[in-house]
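**Student:** Provided herewith: input_1.csv, CSV, C-alpha atoms and all ligand atoms.
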```csv
chain,number,residue,atom,x,y,z
A,1,MET,CA,86.2,139.2,153.6
A,2,THR,CA,84.7,142.6,154.3
A,3,ARG,CA,81.4,143.1,152.4
A,4,VAL,CA,80.7,146.7,151.2
A,5,LEU,CA,77.5,148.3,149.9
A,6,LEU,CA,78.7,151.3,148.0
A,7,LEU,CA,76.5,154.3,146.9
A,8,GLY,CA,78.0,156.5,144.2
A,9,GLY,CA,80.2,153.7,142.9
A,10,SER,CA,80.5,155.2,139.4
A,11,GLY,CA,81.9,158.6,140.6
A,12,GLN,CA,85.5,159.5,141.1
A,13,LEU,CA,85.8,158.2,144.6
A,14,GLY,CA,83.5,155.3,144.0
A,15,THR,CA,85.6,154.2,140.9
A,16,ALA,CA,88.8,154.4,143.0
A,17,ILE,CA,87.2,152.3,145.8
A,18,VAL,CA,86.0,149.6,143.3
A,19,ARG,CA,89.4,149.5,141.8
A,20,ARG,CA,91.5,149.6,144.9
A,21,TRP,CA,89.6,147.8,147.7
A,22,ASN,CA,90.7,144.5,146.4
A,23,ASP,CA,90.3,142.7,149.7
A,24,CYS,CA,86.6,143.6,149.9
A,25,GLU,CA,83.6,142.3,148.2
A,26,ILE,CA,81.8,145.3,146.8
A,27,VAL,CA,78.2,145.6,145.7
A,28,ALA,CA,77.8,149.0,143.9
A,29,PRO,CA,74.3,149.6,142.6
A,30,SER,CA,74.1,152.4,140.0
A,31,HIS,CA,72.3,155.7,140.8
A,32,ASP,CA,69.4,154.5,138.7
A,33,GLU,CA,69.1,151.3,140.7
A,34,LEU,CA,69.4,152.9,144.1
A,35,ALA,CA,69.3,156.7,144.8
A,36,ILE,CA,70.3,157.6,148.3
A,37,GLU,CA,66.9,159.4,148.7
A,38,GLN,CA,65.1,156.1,148.3
A,39,SER,CA,65.4,155.0,151.9
A,40,ALA,CA,63.0,152.0,151.6
A,41,ARG,CA,65.1,150.6,148.7
A,42,LEU,CA,68.2,151.2,150.7
A,43,ALA,CA,66.8,149.3,153.6
A,44,ASP,CA,66.0,146.4,151.2
A,45,ALA,CA,69.5,146.5,149.8
A,46,LEU,CA,71.0,146.4,153.3
A,47,THR,CA,68.8,143.4,154.1
A,48,THR,CA,69.7,141.5,150.9
A,49,THR,CA,73.4,142.5,150.8
A,50,ARG,CA,74.1,142.2,154.5
A,51,PRO,CA,77.2,144.4,154.3
A,52,ASP,CA,79.7,145.0,157.0
A,53,VAL,CA,80.1,148.6,155.7
A,54,LEU,CA,77.8,151.0,153.9
A,55,VAL,CA,79.9,153.6,152.0
A,56,ASN,CA,78.2,156.7,150.7
A,57,ALA,CA,80.3,158.3,147.9
A,58,ALA,CA,77.2,159.9,146.4
A,59,ALA,CA,76.4,163.6,146.7
A,60,PHE,CA,74.8,166.5,145.0
A,61,HIS,CA,78.0,168.5,144.7
A,62,ASP,CA,77.4,170.9,141.9
A,63,VAL,CA,78.2,173.8,144.2
A,64,ASP,CA,76.5,176.5,142.0
A,65,ARG,CA,73.4,174.5,141.3
A,66,CYS,CA,73.0,173.8,145.1
A,67,GLU,CA,72.4,177.6,145.5
A,68,ASP,CA,69.3,177.4,143.3
A,69,GLU,CA,68.2,173.9,144.2
A,70,GLN,CA,68.4,174.1,147.9
A,71,LYS,CA,65.6,171.6,148.7
A,72,MET,CA,67.4,168.9,146.6
A,73,ALA,CA,70.8,169.7,148.1
A,74,LEU,CA,69.4,169.3,151.6
A,75,GLU,CA,67.6,166.1,150.7
A,76,ILE,CA,70.6,164.4,149.1
A,77,ASN,CA,73.4,165.8,151.2
A,78,ALA,CA,71.7,165.9,154.6
A,79,PHE,CA,68.4,164.2,155.2
A,80,SER,CA,69.1,161.1,153.1
A,81,VAL,CA,72.6,160.8,154.6
A,82,GLY,CA,71.0,160.9,158.1
A,83,ARG,CA,68.5,158.3,157.2
A,84,ALA,CA,71.2,156.0,155.7
A,85,ALA,CA,73.2,156.4,158.9
A,86,ARG,CA,70.2,155.4,161.0
A,87,LEU,CA,69.4,152.4,158.8
A,88,ALA,CA,73.1,151.3,159.1
A,89,ALA,CA,73.0,151.9,162.9
A,90,GLU,CA,69.9,149.8,163.3
A,91,ARG,CA,71.7,146.9,161.7
A,92,ASP,CA,75.0,147.6,163.3
A,93,VAL,CA,76.6,148.2,159.9
A,94,LEU,CA,79.6,150.6,159.8
A,95,PHE,CA,78.6,153.8,157.9
A,96,VAL,CA,81.1,155.9,156.0
A,97,THR,CA,80.2,159.2,154.3
A,98,MET,CA,82.1,162.1,152.8
A,99,SER,CA,82.0,165.8,153.5
A,100,THR,CA,83.8,168.8,152.2
A,101,ASP,CA,86.4,171.6,152.8
A,102,TYR,CA,83.5,173.9,151.9
A,103,VAL,CA,82.2,173.6,155.5
A,104,PHE,CA,84.9,176.3,156.3
A,105,ASP,CA,84.9,180.0,155.4
A,106,GLY,CA,88.6,180.3,154.7
A,107,ALA,CA,89.3,183.0,157.3
A,108,LYS,CA,91.8,180.9,159.1
A,109,GLY,CA,94.4,181.1,156.3
A,110,SER,CA,96.2,178.0,157.2
A,111,PRO,CA,95.2,174.3,156.9
A,112,TYR,CA,92.0,173.4,158.8
A,113,THR,CA,92.0,170.5,161.3
A,114,GLU,CA,89.1,168.6,162.6
A,115,SER,CA,89.0,170.8,165.7
A,116,ASP,CA,88.4,174.1,163.7
A,117,SER,CA,84.8,175.5,163.7
A,118,PRO,CA,82.9,175.2,160.4
A,119,ASN,CA,81.2,178.2,158.9
A,120,PRO,CA,80.0,177.4,155.4
A,121,LEU,CA,79.7,180.2,152.8
A,122,SER,CA,77.6,178.2,150.3
A,123,PHE,CA,74.4,176.2,150.5
A,124,TYR,CA,76.4,173.2,149.3
A,125,GLY,CA,78.7,173.5,152.3
A,126,ALA,CA,75.7,174.1,154.7
A,127,SER,CA,73.9,171.0,153.4
A,128,LYS,CA,77.0,168.8,153.8
A,129,LEU,CA,77.5,170.1,157.3
A,130,ALA,CA,73.9,169.3,158.1
A,131,GLY,CA,74.6,165.8,156.8
A,132,GLU,CA,77.6,165.5,159.1
A,133,ARG,CA,75.5,166.4,162.1
A,134,LEU,CA,72.7,164.0,161.2
A,135,VAL,CA,75.2,161.1,161.0
A,136,GLU,CA,76.5,162.0,164.5
A,137,ALA,CA,72.9,162.1,165.8
A,138,ALA,CA,72.2,158.7,164.3
A,139,GLY,CA,74.5,157.3,167.0
A,140,GLY,CA,75.9,154.3,165.1
A,141,ARG,CA,79.5,153.4,164.2
A,142,ALA,CA,80.4,155.9,161.6
A,143,PHE,CA,83.2,157.7,159.8
A,144,VAL,CA,82.5,161.2,158.4
A,145,VAL,CA,85.4,162.2,156.2
A,146,ARG,CA,86.0,165.7,154.8
A,147,THR,CA,88.0,165.9,151.6
A,148,CYS,CA,89.0,168.5,149.1
A,149,GLY,CA,89.3,169.0,145.3
A,150,VAL,CA,88.9,165.3,144.4
A,151,TYR,CA,90.2,164.3,140.9
A,152,GLY,CA,90.4,160.8,139.4
A,153,PRO,CA,88.9,158.6,136.6
A,154,SER,CA,85.1,158.2,136.8
A,155,ARG,CA,82.7,155.9,135.2
A,156,SER,CA,79.8,158.2,136.0
A,157,PRO,CA,77.4,159.0,133.1
A,158,SER,CA,77.3,162.6,134.4
A,159,ARG,CA,81.0,162.8,134.8
A,160,ARG,CA,82.7,166.2,134.4
A,161,ARG,CA,86.2,166.7,133.3
A,162,THR,CA,88.7,166.9,136.1
A,163,PHE,CA,90.5,170.2,136.7
A,164,ILE,CA,93.7,168.8,135.1
A,165,GLU,CA,91.8,167.5,132.1
A,166,ARG,CA,90.2,171.0,131.6
A,167,ILE,CA,93.6,172.7,131.7
A,168,LEU,CA,95.0,170.1,129.2
A,169,ALA,CA,92.0,170.6,126.9
A,170,ALA,CA,92.2,174.4,127.1
A,171,GLY,CA,95.9,174.2,126.3
A,172,LYS,CA,95.3,172.0,123.2
A,173,SER,CA,92.5,174.3,121.9
A,174,GLY,CA,94.8,177.3,122.1
A,175,GLU,CA,92.4,179.1,124.4
A,176,PRO,CA,94.1,181.4,127.0
A,177,VAL,CA,94.3,179.4,130.3
A,178,ARG,CA,93.5,181.4,133.4
A,179,VAL,CA,93.6,180.0,136.8
A,180,VAL,CA,93.0,181.5,140.2
A,181,ALA,CA,96.2,182.2,142.1
A,182,ASP,CA,94.7,183.4,145.4
A,183,VAL,CA,92.6,180.3,146.2
A,184,VAL,CA,94.4,177.7,148.2
A,185,ALA,CA,93.2,174.1,148.7
A,186,SER,CA,94.3,170.5,149.0
A,187,PRO,CA,93.5,168.9,145.6
A,188,THR,CA,93.3,165.2,146.3
A,189,PHE,CA,93.8,162.2,144.0
A,190,ALA,CA,90.8,159.9,144.4
A,191,GLY,CA,93.1,156.8,144.5
A,192,ASP,CA,95.0,158.2,147.6
A,193,LEU,CA,91.7,159.0,149.2
A,194,ALA,CA,90.3,155.5,148.6
A,195,ASP,CA,93.5,154.0,150.1
A,196,ALA,CA,93.3,156.1,153.2
A,197,LEU,CA,89.6,155.3,153.7
A,198,ARG,CA,90.3,151.6,153.4
A,199,LYS,CA,92.9,151.8,156.2
A,200,LEU,CA,90.6,154.0,158.3
A,201,ILE,CA,87.7,151.5,158.2
A,202,GLY,CA,90.1,148.9,159.5
A,203,THR,CA,90.3,150.8,162.8
A,204,ALA,CA,87.6,151.3,165.4
A,205,ALA,CA,88.4,155.0,165.8
A,206,TYR,CA,85.1,156.2,164.6
A,207,GLY,CA,84.3,159.9,164.1
A,208,LEU,CA,85.1,162.9,162.0
A,209,TYR,CA,88.3,163.0,159.9
A,210,HIS,CA,90.0,165.1,157.3
A,211,ALA,CA,91.5,163.2,154.4
A,212,ALA,CA,93.2,165.3,151.7
A,213,ALA,CA,96.5,165.5,149.9
A,214,ALA,CA,99.3,166.9,152.1
A,215,GLY,CA,100.4,170.5,151.7
A,216,PRO,CA,98.4,173.6,150.8
A,217,VAL,CA,98.6,174.8,147.2
A,218,SER,CA,97.0,177.5,145.0
A,219,TRP,CA,95.1,176.2,142.0
A,220,TYR,CA,97.6,178.2,139.8
A,221,GLU,CA,100.6,176.4,141.3
A,222,PHE,CA,98.8,173.1,141.1
A,223,ALA,CA,97.9,173.7,137.4
A,224,GLY,CA,101.5,174.6,136.6
A,225,GLU,CA,102.9,171.6,138.3
A,226,ALA,CA,100.4,169.3,136.5
A,227,MET,CA,101.5,170.7,133.1
A,228,ARG,CA,105.1,170.2,134.0
A,229,HIS,CA,104.4,166.5,135.0
A,230,ALA,CA,102.4,166.1,131.7
A,231,ARG,CA,105.3,167.6,129.8
A,232,VAL,CA,102.9,170.2,128.3
A,233,GLU,CA,104.3,173.7,127.7
A,234,LEU,CA,101.5,176.1,128.5
A,235,ALA,CA,101.4,179.7,129.6
A,236,ILE,CA,98.9,179.8,132.4
A,237,GLU,CA,97.7,183.3,133.4
A,238,PRO,CA,97.2,183.8,137.1
A,239,ILE,CA,94.0,185.6,138.0
A,240,SER,CA,92.3,186.6,141.2
A,241,ALA,CA,89.2,185.0,142.6
A,242,LYS,CA,87.4,188.3,142.0
A,243,GLN,CA,87.8,187.8,138.2
A,244,TRP,CA,86.1,184.4,138.4
A,245,LYS,CA,82.4,184.8,138.6
A,246,ALA,CA,80.4,182.0,140.1
A,247,ARG,CA,76.9,181.7,141.7
A,248,ALA,CA,78.1,180.2,145.0
A,249,THR,CA,80.7,181.9,147.3
A,250,ARG,CA,83.7,179.6,147.9
A,251,PRO,CA,86.3,179.9,150.6
A,252,ARG,CA,89.6,181.5,149.5
A,253,TYR,CA,91.5,179.1,151.7
A,254,SER,CA,90.3,175.6,152.3
A,255,ALA,CA,93.3,173.4,152.6
A,256,LEU,CA,92.8,170.6,155.0
A,257,GLU,CA,95.3,169.0,157.4
A,258,SER,CA,94.6,165.3,157.9
A,259,ALA,CA,95.6,165.6,161.5
A,260,LYS,CA,93.6,162.7,163.0
A,261,LEU,CA,94.6,160.3,160.2
A,262,GLY,CA,98.2,161.2,161.0
A,263,GLU,CA,97.6,160.3,164.7
A,264,LEU,CA,96.4,156.8,163.5
A,265,GLY,CA,99.6,156.5,161.4
A,266,ILE,CA,97.7,156.9,158.1
A,267,ALA,CA,99.6,159.3,155.8
A,268,MET,CA,98.1,161.2,152.9
A,269,ALA,CA,100.5,161.6,149.9
A,270,PRO,CA,101.7,165.1,149.1
A,271,TRP,CA,99.7,166.9,146.4
A,272,ARG,CA,102.6,166.6,143.8
A,273,GLU,CA,102.6,162.8,144.2
A,274,GLY,CA,98.8,162.8,143.6
A,275,ILE,CA,99.3,164.5,140.2
A,276,ALA,CA,102.0,162.0,139.2
A,277,ALA,CA,99.8,159.0,140.2
A,278,TYR,CA,96.9,160.4,138.3
A,279,LEU,CA,98.8,161.2,135.1
A,280,ALA,CA,100.4,157.7,135.3
A,281,LEU,CA,96.9,156.3,134.6
A,282,GLY,CA,97.3,157.8,131.1
A,283,VAL,CA,95.2,160.9,131.4
A,284,ARG,CA,95.9,163.3,128.5
B,301,LIG,N1,84.8,166.3,143.8
B,301,LIG,C1,85.3,167.1,144.7
B,301,LIG,O1,86.1,168.0,144.4
B,301,LIG,C2,84.9,166.9,146.2
B,301,LIG,C3,85.5,167.8,147.2
B,301,LIG,C4,85.1,167.7,148.5
B,301,LIG,C5,84.2,166.7,148.9
B,301,LIG,N2,83.7,165.8,147.9
B,301,LIG,C6,82.8,164.8,148.3
B,301,LIG,O2,83.4,163.5,148.0
B,301,LIG,C7,82.3,162.6,147.7
B,301,LIG,C8,82.7,161.9,146.4
B,301,LIG,O3,82.8,162.9,145.3
B,301,LIG,P1,83.2,162.5,143.8
B,301,LIG,O4,84.0,163.6,143.3
B,301,LIG,O5,83.6,161.1,143.8
B,301,LIG,O6,81.7,162.6,143.2
B,301,LIG,P2,81.3,162.3,141.7
B,301,LIG,O7,82.4,161.9,140.9
B,301,LIG,O8,80.4,163.4,141.2
B,301,LIG,O9,80.3,161.0,141.9
B,301,LIG,C9,79.1,161.1,142.5
B,301,LIG,C10,78.5,159.7,142.4
B,301,LIG,O10,77.3,159.7,143.1
B,301,LIG,C11,76.2,159.3,142.2
B,301,LIG,N3,75.0,160.0,142.6
B,301,LIG,C12,74.8,161.3,142.5
B,301,LIG,N4,73.6,161.6,143.1
B,301,LIG,C13,73.1,160.4,143.6
B,301,LIG,C14,72.0,160.1,144.4
B,301,LIG,N5,71.0,161.0,144.7
B,301,LIG,N6,71.8,158.8,144.8
B,301,LIG,C15,72.8,157.8,144.5
B,301,LIG,N7,73.9,158.1,143.7
B,301,LIG,C16,74.0,159.4,143.3
B,301,LIG,C17,76.7,159.6,140.8
B,301,LIG,O11,76.0,158.8,139.9
B,301,LIG,P3,75.5,159.5,138.5
B,301,LIG,O12,76.6,160.2,137.9
B,301,LIG,O13,75.0,158.3,137.7
B,301,LIG,O14,74.4,160.4,138.9
B,301,LIG,C18,78.2,159.2,141.0
B,301,LIG,O15,78.3,157.8,140.9
B,301,LIG,C19,81.0,163.4,147.7
B,301,LIG,O16,80.4,163.3,149.0
B,301,LIG,C20,81.5,164.9,147.6
B,301,LIG,O17,80.6,165.8,148.2
B,301,LIG,C21,84.1,165.9,146.6
```
Starting from the coordinates I provided, produce the structure as structure tokens.

**Tutor:**
Amino acid sequence: MTRVLLLGGSGQLGTAIVRRWNDCEIVAPSHDELAIEQSARLADALTTTRPDVLVNAAAFHDVDRCEDEQKMALEINAFSVGRAARLAAERDVLFVTMSTDYVFDGAKGSPYTESDSPNPLSFYGASKLAGERLVEAAGGRAFVVRTCGVYGPSRSPSRRRTFIERILAAGKSGEPVRVVADVVASPTFAGDLADALRKLIGTAAYGLYHAAAAGPVSWYEFAGEAMRHARVELAIEPISAKQWKARATRPRYSALESAKLGELGIAMAPWREGIAAYLALGVR
């Protein structure tokens, strides 16, 4: 049985991994028990757990806060990830870590593949890109997997509502619901992402991958489709990204094409199926 040491096990992706990797033995210390910055503790955990795979699903991914707390963003998203990759490499443990669509600037205007050049607009995106490069420099067996707009149940104490939950809540409270119509992404159900990762680590095709729901979609269209699936009648007002003020600059277009996964025969579900699978878990 594959033994997995999982960081960030209470988050959206971590929760899906714990629930869905049923053929693996998973050890998932909490953030309090093991922060990724604590490299000496991580080394001890690798020694005592003796995993086949170290999965890092932890990150500092409050995109706006990363602009103000750049040192922390670099430490958690880059330097600690690089050290974790080196610790794994020294022990010949497979390392898996996640990156983001925010490494791209959006200028391409069609789904990004692994061969497109990154150009992050935000400090968060830059810190994740630095993490990608440090994993590569560590030289061990590793998968670096970029994903996009992850949503799913989470057991994290610091959990924030998913985009779909926020729309549902706004609808219930009678507030006007405004969603950007000119920002296109690949919102990805965490369960589908966890399933793809499980298949990927069963291969020896190490490297950089995109893993996101198939098909680009604007957040406005995604919100409308989610409400139709939930059978909630709600007037959603389309707005432009210019009307949505945020500290960090985000790409207008950051849909990802999971091209290399496709070459391995690992298919990502279309975004509509992700909504259905998520709502089937009873989210209201
Ligand atoms: N969410 C998205 O839309 C999105 C998009 C693209 C890429 N990604 C990437 O996908 C990965 C998973 O994202 P997610 O949405 O599952 O994240 P999430 O739900 O926010 O979960 C993050 C997890 O990491 C833990 N954590 C945070 N800081 C930590 C630290 N310094 N040391 C150890 N654990 C720490 C959190 O625990 P506590 O809550 O207890 O702190 C939580 O368990 C991340 O690498 C993220 O950058 C996410």

**Student:** Using all atoms listed in the file, find each residue with an atom at most 6 Å away from ligand LIG 301 (chain B) and format the answer as a PDB file with C-alpha atoms, keeping the file's coordinate frame.

**Tutor:**
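Here's the written file part-v2.pdb:
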```
ATOM      1  CA  LEU A   7      76.500 154.300 146.900  1.00  0.00           C
ATOM      2  CA  GLY A   8      78.000 156.500 144.200  1.00  0.00           C
ATOM      3  CA  GLY A   9      80.200 153.700 142.900  1.00  0.00           C
ATOM      4  CA  SER A  10      80.500 155.200 139.400  1.00  0.00           C
ATOM      5  CA  GLY A  11      81.900 158.600 140.600  1.00  0.00           C
ATOM      6  CA  GLN A  12      85.500 159.500 141.100  1.00  0.00           C
ATOM      7  CA  LEU A  13      85.800 158.200 144.600  1.00  0.00           C
ATOM      8  CA  GLY A  14      83.500 155.300 144.000  1.00  0.00           C
ATOM      9  CA  HIS A  31      72.300 155.700 140.800  1.00  0.00           C
ATOM     10  CA  LEU A  34      69.400 152.900 144.100  1.00  0.00           C
ATOM     11  CA  ALA A  35      69.300 156.700 144.800  1.00  0.00           C
ATOM     12  CA  ILE A  36      70.300 157.600 148.300  1.00  0.00           C
ATOM     13  CA  GLU A  37      66.900 159.400 148.700  1.00  0.00           C
ATOM     14  CA  ALA A  57      80.300 158.300 147.900  1.00  0.00           C
ATOM     15  CA  ALA A  58      77.200 159.900 146.400  1.00  0.00           C
ATOM     16  CA  ALA A  59      76.400 163.600 146.700  1.00  0.00           C
ATOM     17  CA  PHE A  60      74.800 166.500 145.000  1.00  0.00           C
ATOM     18  CA  HIS A  61      78.000 168.500 144.700  1.00  0.00           C
ATOM     19  CA  ILE A  76      70.600 164.400 149.100  1.00  0.00           C
ATOM     20  CA  MET A  98      82.100 162.100 152.800  1.00  0.00           C
ATOM     21  CA  SER A  99      82.000 165.800 153.500  1.00  0.00           C
ATOM     22  CA  THR A 100      83.800 168.800 152.200  1.00  0.00           C
ATOM     23  CA  ASP A 101      86.400 171.600 152.800  1.00  0.00           C
ATOM     24  CA  THR A 147      88.000 165.900 151.600  1.00  0.00           C
ATOM     25  CA  CYS A 148      89.000 168.500 149.100  1.00  0.00           C
ATOM     26  CA  GLY A 149      89.300 169.000 145.300  1.00  0.00           C
ATOM     27  CA  VAL A 150      88.900 165.300 144.400  1.00  0.00           C
ATOM     28  CA  SER A 156      79.800 158.200 136.000  1.00  0.00           C
ATOM     29  CA  PRO A 157      77.400 159.000 133.100  1.00  0.00           C
ATOM     30  CA  SER A 158      77.300 162.600 134.400  1.00  0.00           C
ATOM     31  CA  ARG A 159      81.000 162.800 134.800  1.00  0.00           C
TER      32      ARG A 159
END
```

**Student:** Anything within 9 Å of (101.9, 166.3, 132.6): list those residues as a ChimeraX atom specification, counting only C-alpha atoms and sticking to the file's coordinates.

**Tutor:** /A:164,168,225-232,275-276,279,283-284

**Student:** Tell me, as a list in words, which residues lie within 6 Å of segment 202-211 of chain A, counting all atoms listed in the file; anything in the same chain fewer than 5 positions away does not count.

**Tutor:**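 With the cut-off at 6 Å, the set is Ala142, Phe143, Val144, Val145, Arg146, Thr147 and Ser258 of chain A.
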
**Student:** Hey, can you spit out that residue selection with C-alpha atoms as a compact mmCIF listing (two decimals), in the coordinates of the input?

**Tutor:**
```txt
# COMPACT_ATOMS: atom_id res chain seq x y z
CA ALA A 142 80.40 155.90 161.60
CA PHE A 143 83.20 157.70 159.80
CA VAL A 144 82.50 161.20 158.40
CA VAL A 145 85.40 162.20 156.20
CA ARG A 146 86.00 165.70 154.80
CA THR A 147 88.00 165.90 151.60
CA SER A 258 94.60 165.30 157.90
```

**Student:** Could you jot down the atom CA of Glu75 of chain A to atom CA of Ser127 of chain A separation for me, Å, one decimal place?

**Tutor:**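 Atom-to-atom, atom CA of Glu75 of chain A to atom CA of Ser127 of chain A, that is 8.4 Å.
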
**Student:** Which residues of segment 96-116 of chain A have any atom within 12 Å of an atom in segment 259-262 of chain A when counting only C-alpha atoms, and what is the closest pair of atoms for each, with the distance in Å to one decimal? Order the rows by chain and rising number and write it as a tab-separated table.

**Tutor:**
```
residue	atom	partner	partner_atom	distance
A:Pro111	CA	A:Ala259	CA	9.8
A:Tyr112	CA	A:Ala259	CA	9.0
A:Thr113	CA	A:Ala259	CA	6.1
A:Glu114	CA	A:Ala259	CA	7.2
A:Ser115	CA	A:Ala259	CA	9.4
A:Asp116	CA	A:Ala259	CA	11.4
```

**Student:** A:Ser110, A:Pro238, A:Asn119, A:Leu200: which is nearest Glu257 of chain A, counting all atoms listed in the file?

**Tutor:**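 Once distances to Glu257 of chain A are computed over all atoms listed in the file, the minimum belongs to A:Ser110.
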
**Student:** Counting all atoms listed in the file, what are the residues of segment 207-268 of chain A within 10 Å of segment 184-193 of chain A, and for each of them which pair of atoms is the nearest and at what distance in Å, to one decimal? Sort the table by chain and rising number, as CSV.

**Tutor:**
```
residue,atom,partner,partner_atom,distance
A:Ala211,CA,A:Leu193,CA,6.7
A:Ala212,CA,A:Thr188,CA,5.4
A:Ala213,CA,A:Thr188,CA,4.8
A:Ala214,CA,A:Ser186,CA,6.9
A:Gly215,CA,A:Ser186,CA,6.7
A:Pro216,CA,A:Ser186,CA,5.4
A:Val217,CA,A:Val184,CA,5.2
A:Ser218,CA,A:Val184,CA,4.1
A:Trp219,CA,A:Val184,CA,6.4
A:Tyr220,CA,A:Val184,CA,9.0
A:Glu221,CA,A:Val184,CA,9.4
A:Phe222,CA,A:Pro187,CA,8.1
A:Pro251,CA,A:Val184,CA,8.7
A:Arg252,CA,A:Val184,CA,6.3
A:Tyr253,CA,A:Val184,CA,4.8
A:Ser254,CA,A:Ala185,CA,4.9
A:Ala255,CA,A:Ala185,CA,4.0
A:Leu256,CA,A:Ser186,CA,6.2
A:Glu257,CA,A:Ser186,CA,8.6
A:Ala267,CA,A:Asp192,CA,9.5
A:Met268,CA,A:Asp192,CA,6.8
```

**Student:** Using all atoms listed in the file, what residues lie at most 6 Å away from (87.9, 157.5, 138.4) (file coordinates), given as an MDAnalysis selection string?

**Tutor:** chainID A and resid 12 15:16 152:154

**Student:** Which residue is closest to Glu233 of chain A? Choose from A:Val177, A:Pro51, A:Ala138, A:Asp44 and count all atoms listed in the file.

**Tutor:**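 Closest to Glu233 of chain A, using all atoms listed in the file: A:Val177.
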
**Student:** Counting all atoms listed in the file, which of A:Leu5, A:Thr249, A:Leu74, A:Leu234 gets nearest to Ala170 of chain A?

**Tutor:**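 The answer is A:Leu234, which sits nearest to Ala170 of chain A.
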
**Student:** Find the residues near Tyr102 of chain A: any atom within 7 Å, counting all atoms listed in the file, skip ones fewer than 6 places away on the same chain, and give them as an MDAnalysis selection string.

**Tutor:** chainID A and resid 120 125 250:251

**Student:** With all atoms listed in the file as the atoms that count, which of A:Ser117, A:Gln243, A:Thr2, A:Ser30 lies nearest to Leu94 of chain A?

**Tutor:** A:Thr2

**Student:** Could you check the closest approach to Ala235 of chain A for each of A:Gly174, A:Pro118, A:Gly106, A:Gly139 and tell me which residue wins, using all atoms listed in the file?

**Tutor:**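 Smallest distance to Ala235 of chain A is found for A:Gly174.
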
**Student:** With distances taken over all atoms listed in the file, which residue among A:Leu264, A:Val96, A:Val180, A:Ile201 lies nearest Val81 of chain A?

**Tutor:**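 Ranking A:Leu264, A:Val96, A:Val180, A:Ile201 by distance to Val81 of chain A, first place goes to A:Val96.
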
**Student:** Can you pull out every residue within 9 Å of Ala223 of chain A, counting all atoms listed in the file, but drop anything in the same chain fewer than 6 positions away, and send it as a list of chain:residue names?

**Tutor:**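 In the requested format, the answer is A:Phe163, A:Ile164, A:Ile167, A:Val179, A:Ile236.
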
**Student:** Rounded to one decimal place, report the atom CA of Asn56 of chain A-atom CA of Thr97 of chain A distance in Å.

**Tutor:**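 These two atoms are separated by 4.8 Å.
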
**Student:** How many Å lie between atom CA of Phe95 of chain A and atom CA of Asp23 of chain A, rounded to one decimal?

**Tutor:** 18.1 Å

**Student:** Do a neighbour search on Ala137 of chain A at 12 Å with only C-alpha atoms, toss out local chain neighbours closer than 5 positions, and write the hits as a ChimeraX atom specification.

**Tutor:** /A:78-79,81-86,89,130-132,142,207

**Student:** Residues within 12 Å of Asp68 of chain A, please, as a ChimeraX atom specification. Count all atoms listed in the file; anything in the same chain fewer than 3 positions from it doesn't count.

**Tutor:** /A:62-65,71-74,122-124,247-248
